[in-house]
Number of protein chains: 2
Amino acid sequence: MSEPAPHLSPQEFRRRGYAAVDWVAGYLERLETLPVTADVEPGWVRAQLPGQAPEDGEDFAAVLADLDRVVVPALMHWQHPAFFGYFPANASGPAILGDLVSAGLGVQGMLWATSPACTELETHVLDWLADLLDLPRAFRSDGTGGGVLQDSASSGTLCALLAARERATGFASTDEGVRGLLTVYASSETHSSIEKAVRVAGLGAAQLRHVPVDARLALRPDALASAIAADRAAGATPCAVVATVGTTSTGAVDPVRAVGEVCRGEGLWLHVDAAWAGVASVCPEHRALNDGLELADSYATNPHKWLLTNFDCSAFYVADRAALVTTLSVLPEYLRNAATESGKVVDYRDWQIPLGRRFRALKLWFVVRHYGARGLRAHIRHHVELAALLAERIAADPSLELAAERSLALVCFRHRDGDEASEALLNRLNASGALLLTHTRAHGRYTLRLAVGGAGTQRRHVEAAWEHIAAAAAAVSG
Amino acid sequence: MSEPAPHLSPQEFRRRGYAAVDWVAGYLERLETLPVTADVEPGWVRAQLPGQAPEDGEDFAAVLADLDRVVVPALMHWQHPAFFGYFPANASGPAILGDLVSAGLGVQGMLWATSPACTELETHVLDWLADLLDLPRAFRSDGTGGGVLQDSASSGTLCALLAARERATGFASTDEGVRGLLTVYASSETHSSIEKAVRVAGLGAAQLRHVPVDARLALRPDALASAIAADRAAGATPCAVVATVGTTSTGAVDPVRAVGEVCRGEGLWLHVDAAWAGVASVCPEHRALNDGLELADSYATNPHKWLLTNFDCSAFYVADRAALVTTLSVLPEYLRNAATESGKVVDYRDWQIPLGRRFRALKLWFVVRHYGARGLRAHIRHHVELAALLAERIAADPSLELAAERSLALVCFRHRDGDEASEALLNRLNASGALLLTHTRAHGRYTLRLAVGGAGTQRRHVEAAWEHIAAAAAAVSG
C-alpha cells in the first residue's frame with residue numbers, strides 16, 4: 001500500500017478547531033477597529049500568494065497567519081457594525097456554529113433517504129418560519145405547498161419562473177422547449193435577478209415587461225393589466241408576474257393584493273420577492289407586508305439578509321408543490337429508492353436547480369432556538385428604530401433630503417445640490433473607511449442607500465454614521 | 001429604544017464554539033460505531049420537535065443535546081468509513097475549519113469590490129488546482145478562461161449549456177428567447193443533471209440526444225457524428241455536447257479527444273463533466289483522464305466528491321470566459337462600481353446563476369495547504385488501491401461478477417444469479433447498517449456500486465466490507 005494521507009485525528013481536529021474558533025472570535029472582537037472596506041488594488045491578494053500549491057502540507061498556524069496577512073486586509077467587512085451597504089449579509093454566533101455542525105456532519109440531503117433529518121428539519125423549520133412570519137397556510141407543508149432553502153432569492157425566482165413557464169404551457173415546455181412568446185411582468189424597480197432568470201429560462205429578456213411604477217416606486221396594477229392585455233392582443237402568452245416587497249433600490253412595496261387579483265383573473269403565476277423585507281413580518285406591526293400573499297403562488301424571503309443567519313439561506317415557499325416538483329424532477333435509476341417510491345417523503349432535489357444539497361436548515365434552527373421569537377422581533381425592531389432616527393436627522397439637515405420614504409431599516413437620501421454632490425458625498429464617506437453605504441438611482445437621481453442590518457449594529461454606530469454624514473454633506477456643499 | 005436582541009459576545013461565541021467543535025470531534029470519534037444509515041420512518045424527525053418555534057431563546061446546550069437526540073439517529077452518515085454509496089461527499093478537518101472561517105467572516109463575494117480576497121483567492125486556488133490536475137492552459141485565469149466555484153456540477157453544466165446556447169444563436173437567445181430546435185448531445189449513460197439543465201434552459205428534453213455507447217459504456221463518436229448530421233438534415237441547430245469522464249453509474253470515460261474533434265468540426269460547445277473522476281488526475285498515473293481536454297470549452301470536477309473538501313465545492317472551468325460572462329451578466333445601477341468599470345477584475349456573479357456567493361475558496365485553500373500535493377495524491381492512490389483489492393476479491397468469488405471494469409475507486413458488480421439476487425444482496429448489505437452501497441443498471445442489469453471515497457476509509461473497512469459482501473452473496477445464493 002502507498003503512503004497514507006495526513007488526515008487529522010479527532011484530537012487534532014479538536015485542537016485546530018479551538019484555534020479556528022479563537023481566530024473567528026478575535027476577528028469579531030477587533031472588527032470594529034478595522035476600516036469597513038478593503039483598500040487594495042486589483043491583483044494585490046494574488047501577489048501575496050505563492051504561484052503554485054505546496055508540494056508538502058503546511059501547518060495550520062501558517063494558514064491562520066495568512067488569514068491576517070492576506071485575507072483580512074482585502075475584505076469588505078460585511079459584519080462590521082458600520083456596514084450599511086447593499087443589504088447586509090446577516091451572520092450571528094448561533095448561525096456560524098450551525099454551519100460548523102453542518103460541515104462537520106458532511107451529509108448530502110438530495111433525497112429524504114440520504115439523510116431524513118436533513119430534509120425533515122428543513123421542512124419543519126420552514127413551517128416554524130411561516131408561522132413566525134404569519135404567512136398564508138398554503139405555504140406550509142401540511143397544506144398543498146411548503147418551503148425549501150435555496151442559496152439565494154435569485155435561484156428561488158428562477159424556480160418560480162420555471163414552474164410558471166410549465167403551468168402556462170400545460171407542462172410541455174420542459175419537454176418540448178420554449179415555443180412562442182411567454183411574457184413575464186415586474187416593475188421597473190425590480191431586482192436584476194428577475195431578468196437573469198428570464199434569460200436563463202429561455203424566455204428571453206425581450207419578453208420581460210418592466211411595468212411602470214407610481215410615485216412611491218411601487219408597481220401600478222392598472223399598468224400591469226394593460227401590459228397583459230396588450231401582450232394577449234399581440235399573440236403572446238402571459239406567464240408570470242414578480243411582485244417585490246421591499247425593492248433593492250429603495251425598499252418600495254408593490255401592492256401584492258391588487259397585483260394578485262390581476263394574476264388570478266388572468267391565470268398568471270404570482271411570485272413575491274420579499275428577499276430583504278419579508279422577515280420583518282416576525283413583528284406584528286409589520287404584517288401589512290403580507291397583505292395579499294394568499295394570492296401568491298410562490299414567495300421568497302432571506303434569513304441571510306436580515307434574520308441573523310449567514311449566507312446562504314433563502315426561504316422559498318410554494319403554494320402548489322406539485323407544480324414545482326413536476327417541473328424539476330428527473331429520476332435516474334441510481335437515485336431510485338423505496339422512500340421516494342412510497343410517496344410519503346419530500347425529496348428536495350426536485351425543489352431546486354442543483355442535485356446535491358447541504359444541511360442548511362441547521363443554522364436557521366440554531367438561530368431560531370437561540371433568539372426565540374422574542375429575540376428575532378427585538379432584532380428587527382432595533383434596526384427599524386435606528387433607521388427611523390437617522391431618517392429624521394437627514395430630513396432635518398439643510399443640505400440633505402430623503403430620496404424616498406424610509407422603508408423599514410432602509411434610508412435613501414441625496415444631497416440637495418444634485419447628483420454630483422450626492423456622488424461626491426458617497427465617495428467621501430466610503431473613502432473614510434469608517435462606514436459603508438452604497439448607491440442607486442431613484443426617480444432618475446443619484447441616491448445614497450443606508451441599510452441598517454448588521455447583527456452588531458447599535459445606536460452608537462448609527463450616531464457615529466450620522467456625524468460622518470452631516471460633516472461630509474456640509475463639506476460637499478462648501 | 002426597544003429591548004436588545006440577545007446577541008452572543010465574542011467571549012460567549014468562543015465558549016459555545018469550543019462546545020460545537022467538541023461536539024463535531026466527538027461525532028467523528030464515534031462515527032464508526034454508528035450504523036451507516038438511519039432507520040427511521042417518514043415523519044419521525046418532525047414528531048420529535050415542537051410544533052412551533054420557541055417564544056424565548058434556549059440554551060446552546062439544549063440545541064447540542066437535540067443533535068444527539070433527533071438529528072444523528074436520522075442521518076445517513078456520509079462521512080462513515082463504511083459509506084460506499086453514490087459518490088461519497090468528501091469532508092476533512094481542514095475543509096470543515098475553512099468553512100467555519102468562511103461563516104465567521106460572513107462576507108458576500110458577488111463582486112470583486114465586495115471583498116477582493118473572496119474573488120482573488122478563488123481565482124488563485126483554481127489556478128493551483130488546474131496545475132495540480134495538469135489541465136490545459138486555456139482554463140487558467142492568465143489565459144482566455146478561468147475557474148469558478150459552483151455549488152455543484154449540475155449548476156456548472158447549466159452554465160455551460162447556457163453559454164453554448166448563446167454561442168449557437170449569436171448571443172441572441174438571452175434576449176429573444178429560445179427559437180427553433182437547439183439540440184444537445186450526451187451519452188445514454190450521462191448524469192440526470194444534463195437533462196435537468198436542458199429543461200431549465202428552455203431547450204426541451206426532447207432536444208437532448210442520448211447517444212449510444214460502446215461495450216465499455218462510453219459514448220460512440222461515430223454515433224455522435226451521425227446524430228448531429230441527422231439533426232442538421234432535419235433543420236435543427238446542434239448546440240453542445242456533454243462528455244463524461246467517469247459516469248455516475250459505472251465510471252465510464254467518454255473518448256474526449258474524439259468527441260472534441262467532432263465538436264471542433266461542427267462548431268459545437270464541448271462541456272466535460274468529470275465531477276467525480278477529474279480530481280484523480282492529481283496523480284500523474286491518472287492523467288489519461290485529461291486526454292483531449294484542450295478541445296473542451298468547459299470542464300467541471302468536484303473537490304466535494306473526492307478531494308477532501310466538504311459540499312459544496314465544484315470547480316468549473318471555461319476556456320473562453322467572455323462567452324460565459326456575456327451570457328450571464330446583468331448590471332443594475334446598485335451594483336455599479338469603479339473596479340468593475342475598470343475592466344481589471346473578475347466579478348463572479350457573472351459566472352453563476354445566483355447573484356450572491358459565499359467565500360467557498362477558503363475551504364479548498366485550507367485543504368490544499370494542509371495536505372499539499374503529496375497528500376492529495378496519497379489520498380487518491382489509497383482509495384484506488386483499496387478498490388482494486390476489492391475488485392479482485394469480487395472477480396474471484398464464485399457467486400459474484402464485475403458488472404463493468406473497475407474505474408478508479410468505483411467497483412460495479414452483481415450476483416451471478418441475476419437481478420433479483422443482486423437486489424436482495426444490496427438490501428441485505430444495507431440493512432445490516434455495517435456498510436452502505438447503492439445501485440444502478442448497467443447493460444440493462446441490476447448492478448451494485450461500491451465507491452471507495454471516505455476520508456476515513458482505510459484498508460480494514462474495505463476488508464470488513466468484503467467479509468459482509470461475501471457472506472451475504474453466499475446467503476443469497478443459498
# chains A, B, ... in the order shown; residues from 1 in each chain; ligands from 1
>>> residues_around(residues="Gly375 in chain B", least_positions_apart="2", cutoff="12 Å", atoms="only C-alpha atoms", output="PyMOL selection string")
(chain A and resi 2-8+53-58) or (chain B and resi 132+282-283+307-308+367-373+377-382+455)
>>> residues_around(residues="Arg459 in chain B", least_positions_apart="6", cutoff="12 Å", atoms="only C-alpha atoms", output="PyMOL selection string")
(chain A and resi 1-2+4) or (chain B and resi 81-82+382-390+452-453+465-466)
>>> residues_around(residues="Val184 in chain B", least_positions_apart="2", cutoff="9 Å", atoms="only C-alpha atoms", output="list in words")
Leu161, Leu182, Ala186, Val198, Leu203, Gln207, Leu208, Arg209, His210, Pro238, Cys239, Ala240, Val241 and Val242 of chain B
>>> write_last_selection(atoms="N, CA and C atoms", output="tab-separated table (two decimals), in the first residue's frame")
chain	number	residue	atom	x	y	z
B	161	LEU	N	-24.26	24.98	-20.69
B	161	LEU	CA	-25.29	24.88	-21.74
B	161	LEU	C	-25.87	26.25	-22.09
B	182	LEU	N	-32.76	23.63	-30.70
B	182	LEU	CA	-31.32	23.64	-30.39
B	182	LEU	C	-31.02	22.29	-29.72
B	186	ALA	N	-25.38	13.88	-25.44
B	186	ALA	CA	-24.64	13.27	-24.33
B	186	ALA	C	-24.89	11.78	-24.44
B	198	VAL	N	-30.98	21.00	-19.59
B	198	VAL	CA	-31.62	21.21	-20.90
B	198	VAL	C	-33.06	21.71	-20.69
B	203	LEU	N	-34.49	24.54	-23.60
B	203	LEU	CA	-34.21	23.84	-24.86
B	203	LEU	C	-35.18	22.69	-25.06
B	207	GLN	N	-34.97	17.68	-27.06
B	207	GLN	CA	-33.81	18.07	-27.89
B	207	GLN	C	-32.50	17.51	-27.32
B	208	LEU	N	-32.58	16.70	-26.28
B	208	LEU	CA	-31.38	16.05	-25.75
B	208	LEU	C	-31.25	14.68	-26.42
B	209	ARG	N	-30.16	14.49	-27.13
B	209	ARG	CA	-29.93	13.21	-27.81
B	209	ARG	C	-29.10	12.31	-26.91
B	210	HIS	N	-29.64	11.14	-26.61
B	210	HIS	CA	-28.91	10.16	-25.81
B	210	HIS	C	-28.10	9.28	-26.76
B	238	PRO	N	-27.59	22.05	-33.93
B	238	PRO	CA	-26.79	21.40	-32.87
B	238	PRO	C	-26.00	22.45	-32.10
B	239	CYS	N	-25.93	22.28	-30.81
B	239	CYS	CA	-25.52	23.37	-29.94
B	239	CYS	C	-24.39	22.96	-28.99
B	240	ALA	N	-24.49	21.81	-28.37
B	240	ALA	CA	-23.50	21.43	-27.36
B	240	ALA	C	-23.44	19.92	-27.19
B	241	VAL	N	-22.26	19.46	-26.76
B	241	VAL	CA	-22.06	18.07	-26.39
B	241	VAL	C	-21.56	18.04	-24.95
B	242	VAL	N	-22.10	17.14	-24.16
B	242	VAL	CA	-21.55	16.91	-22.83
B	242	VAL	C	-20.90	15.54	-22.81
>>> select_by_dssp(residues="range 105-171 of chain B", states="alpha helix (DSSP H)", output="MDAnalysis selection string")
chainID B and resid 105 116:132 153:168
>>> residues_around(residues="Glu32 in chain B", least_positions_apart="4", cutoff="10 Å", atoms="only C-alpha atoms", output="ChimeraX atom specification")
/B:27-28,36,77,79-82,434,456,461
>>> select_by_dssp(residues="range 104-317 of chain A", states="strand (DSSP E)", output="PyMOL selection string")
chain A and resi 146-150+182-187+208-211+237-244+269-273+298-301+314-317
>>> atom_distance(atom1="CA of Cys118 in chain A", atom2="CA of Ser92 in chain B")
19.8 Å
>>> residues_around(residues="Lys196 in chain A", least_positions_apart="4", cutoff="8 Å", atoms="only C-alpha atoms", output="PDB file with N, CA, C and O atoms, in the first residue's frame")
ATOM      1  N   SER A 192     -32.373  42.729 -10.469  1.00  0.00           N
ATOM      2  CA  SER A 192     -31.751  42.210 -11.697  1.00  0.00           C
ATOM      3  C   SER A 192     -31.888  40.693 -11.832  1.00  0.00           C
ATOM      4  O   SER A 192     -31.791  40.156 -12.936  1.00  0.00           O
ATOM      5  N   VAL A 200     -32.111  32.928 -18.318  1.00  0.00           N
ATOM      6  CA  VAL A 200     -31.712  31.531 -18.092  1.00  0.00           C
ATOM      7  C   VAL A 200     -32.806  30.582 -18.558  1.00  0.00           C
ATOM      8  O   VAL A 200     -32.528  29.562 -19.212  1.00  0.00           O
ATOM      9  N   ALA A 205     -34.987  38.102 -22.515  1.00  0.00           N
ATOM     10  CA  ALA A 205     -35.155  39.366 -21.792  1.00  0.00           C
ATOM     11  C   ALA A 205     -36.180  40.268 -22.480  1.00  0.00           C
ATOM     12  O   ALA A 205     -36.832  41.087 -21.828  1.00  0.00           O
TER      13      ALA A 205
ATOM     14  N   LEU B 328     -24.336  35.660 -18.852  1.00  0.00           N
ATOM     15  CA  LEU B 328     -24.935  35.736 -17.514  1.00  0.00           C
ATOM     16  C   LEU B 328     -24.936  37.127 -16.881  1.00  0.00           C
ATOM     17  O   LEU B 328     -25.480  37.319 -15.801  1.00  0.00           O
ATOM     18  N   SER B 329     -24.361  38.094 -17.556  1.00  0.00           N
ATOM     19  CA  SER B 329     -24.231  39.409 -16.926  1.00  0.00           C
ATOM     20  C   SER B 329     -25.479  40.275 -17.081  1.00  0.00           C
ATOM     21  O   SER B 329     -25.985  40.454 -18.184  1.00  0.00           O
ATOM     22  N   VAL B 330     -25.947  40.799 -15.977  1.00  0.00           N
ATOM     23  CA  VAL B 330     -26.989  41.832 -15.950  1.00  0.00           C
ATOM     24  C   VAL B 330     -26.496  42.824 -14.906  1.00  0.00           C
ATOM     25  O   VAL B 330     -26.231  42.436 -13.773  1.00  0.00           O
ATOM     26  N   ILE B 353     -25.382  31.256 -11.655  1.00  0.00           N
ATOM     27  CA  ILE B 353     -26.811  31.587 -11.687  1.00  0.00           C
ATOM     28  C   ILE B 353     -27.196  32.571 -10.578  1.00  0.00           C
ATOM     29  O   ILE B 353     -27.824  33.590 -10.859  1.00  0.00           O
TER      30      ILE B 353
END
>>> residues_around(residues="Pro212 in chain B", least_positions_apart="3", cutoff="10 Å", atoms="only C-alpha atoms", output="PyMOL selection string")
chain B and resi 186-189+209+217-224+227
>>> write_last_selection(atoms="all heavy atoms", output="compact mmCIF listing (two decimals), in the first residue's frame")
# COMPACT_ATOMS: atom_id res chain seq x y z
N ALA B 186 -25.38 13.88 -25.44
CA ALA B 186 -24.64 13.27 -24.33
C ALA B 186 -24.89 11.78 -24.44
O ALA B 186 -25.84 11.35 -25.12
CB ALA B 186 -25.12 13.81 -22.99
N SER B 187 -24.09 10.99 -23.78
CA SER B 187 -24.27 9.54 -23.92
C SER B 187 -25.51 9.10 -23.15
O SER B 187 -26.02 9.80 -22.28
CB SER B 187 -23.05 8.80 -23.41
OG SER B 187 -23.19 8.47 -22.04
N SER B 188 -25.96 7.92 -23.47
CA SER B 188 -27.11 7.35 -22.78
C SER B 188 -26.81 7.08 -21.31
O SER B 188 -27.71 6.84 -20.53
CB SER B 188 -27.55 6.06 -23.48
OG SER B 188 -26.43 5.19 -23.59
N GLU B 189 -25.54 7.16 -20.92
CA GLU B 189 -25.13 6.92 -19.54
C GLU B 189 -24.93 8.22 -18.76
O GLU B 189 -24.44 8.21 -17.63
CB GLU B 189 -23.79 6.14 -19.54
CG GLU B 189 -23.90 4.74 -20.07
CD GLU B 189 -24.65 3.84 -19.11
OE1 GLU B 189 -24.32 3.86 -17.91
OE2 GLU B 189 -25.56 3.12 -19.55
N ARG B 209 -30.16 14.49 -27.13
CA ARG B 209 -29.93 13.21 -27.81
C ARG B 209 -29.10 12.31 -26.91
O ARG B 209 -27.99 12.67 -26.51
CB ARG B 209 -29.16 13.43 -29.12
CG ARG B 209 -29.79 14.43 -30.06
CD ARG B 209 -31.08 13.89 -30.68
NE ARG B 209 -31.70 14.91 -31.50
CZ ARG B 209 -32.87 15.49 -31.23
NH1 ARG B 209 -33.58 15.13 -30.16
NH2 ARG B 209 -33.36 16.41 -32.03
N LEU B 217 -19.47 1.24 -22.16
CA LEU B 217 -20.45 2.25 -21.74
C LEU B 217 -19.95 3.68 -21.97
O LEU B 217 -20.37 4.61 -21.29
CB LEU B 217 -20.87 2.04 -20.27
CG LEU B 217 -21.51 0.68 -19.99
CD1 LEU B 217 -21.70 0.47 -18.49
CD2 LEU B 217 -22.84 0.54 -20.71
N ALA B 218 -19.04 3.82 -22.94
CA ALA B 218 -18.54 5.14 -23.31
C ALA B 218 -19.20 5.60 -24.60
O ALA B 218 -19.50 4.78 -25.50
CB ALA B 218 -17.02 5.08 -23.48
N LEU B 219 -19.41 6.90 -24.72
CA LEU B 219 -20.06 7.49 -25.89
C LEU B 219 -19.32 7.12 -27.18
O LEU B 219 -18.10 7.14 -27.22
CB LEU B 219 -20.09 9.01 -25.70
CG LEU B 219 -20.83 9.85 -26.75
CD1 LEU B 219 -21.48 11.05 -26.06
CD2 LEU B 219 -19.91 10.33 -27.85
N ARG B 220 -20.09 6.79 -28.22
CA ARG B 220 -19.51 6.42 -29.51
C ARG B 220 -19.43 7.66 -30.40
O ARG B 220 -20.45 8.18 -30.84
CB ARG B 220 -20.37 5.35 -30.18
CG ARG B 220 -20.12 3.93 -29.63
CD ARG B 220 -21.08 2.94 -30.26
NE ARG B 220 -21.28 3.23 -31.68
CZ ARG B 220 -22.39 2.92 -32.36
NH1 ARG B 220 -23.39 2.30 -31.75
NH2 ARG B 220 -22.50 3.21 -33.64
N PRO B 221 -18.21 8.12 -30.71
CA PRO B 221 -18.07 9.33 -31.53
C PRO B 221 -18.74 9.19 -32.90
O PRO B 221 -19.26 10.18 -33.43
CB PRO B 221 -16.56 9.50 -31.67
CG PRO B 221 -15.99 8.76 -30.50
CD PRO B 221 -16.92 7.62 -30.24
N ASP B 222 -18.73 8.00 -33.46
CA ASP B 222 -19.37 7.83 -34.77
C ASP B 222 -20.89 8.05 -34.65
O ASP B 222 -21.51 8.69 -35.50
CB ASP B 222 -19.07 6.43 -35.34
CG ASP B 222 -19.60 5.31 -34.44
OD1 ASP B 222 -19.48 5.43 -33.19
OD2 ASP B 222 -20.18 4.34 -34.97
N ALA B 223 -21.45 7.55 -33.57
CA ALA B 223 -22.89 7.74 -33.35
C ALA B 223 -23.20 9.21 -33.08
O ALA B 223 -24.25 9.72 -33.49
CB ALA B 223 -23.36 6.87 -32.18
N LEU B 224 -22.28 9.87 -32.41
CA LEU B 224 -22.44 11.31 -32.18
C LEU B 224 -22.47 12.06 -33.52
O LEU B 224 -23.37 12.88 -33.76
CB LEU B 224 -21.29 11.83 -31.32
CG LEU B 224 -21.19 13.36 -31.16
CD1 LEU B 224 -22.40 13.91 -30.41
CD2 LEU B 224 -19.89 13.76 -30.43
N ALA B 227 -25.70 11.49 -35.28
CA ALA B 227 -26.83 12.19 -34.66
C ALA B 227 -26.82 13.67 -35.04
O ALA B 227 -27.86 14.27 -35.33
CB ALA B 227 -26.80 12.01 -33.14
>>> residues_around(residues="Leu410 in chain A", least_positions_apart="6", cutoff="8 Å", atoms="only C-alpha atoms", output="list in words")
Thr250, Gly251, Ala387, Arg449, Leu450, Ala451 and Val452 of chain A
>>> closest_residue(among="B:Leu289, B:Ala103, B:Leu400, B:Ala19", to="chain A", atoms="only C-alpha atoms")
B:Ala103
>>> atom_distance(atom1="CA of Ile194 in chain A", atom2="CA of Arg264 in chain A")
20.6 Å
>>> atom_distance(atom1="CA of Ala234 in chain A", atom2="CA of Gly202 in chain A")
19.8 Å
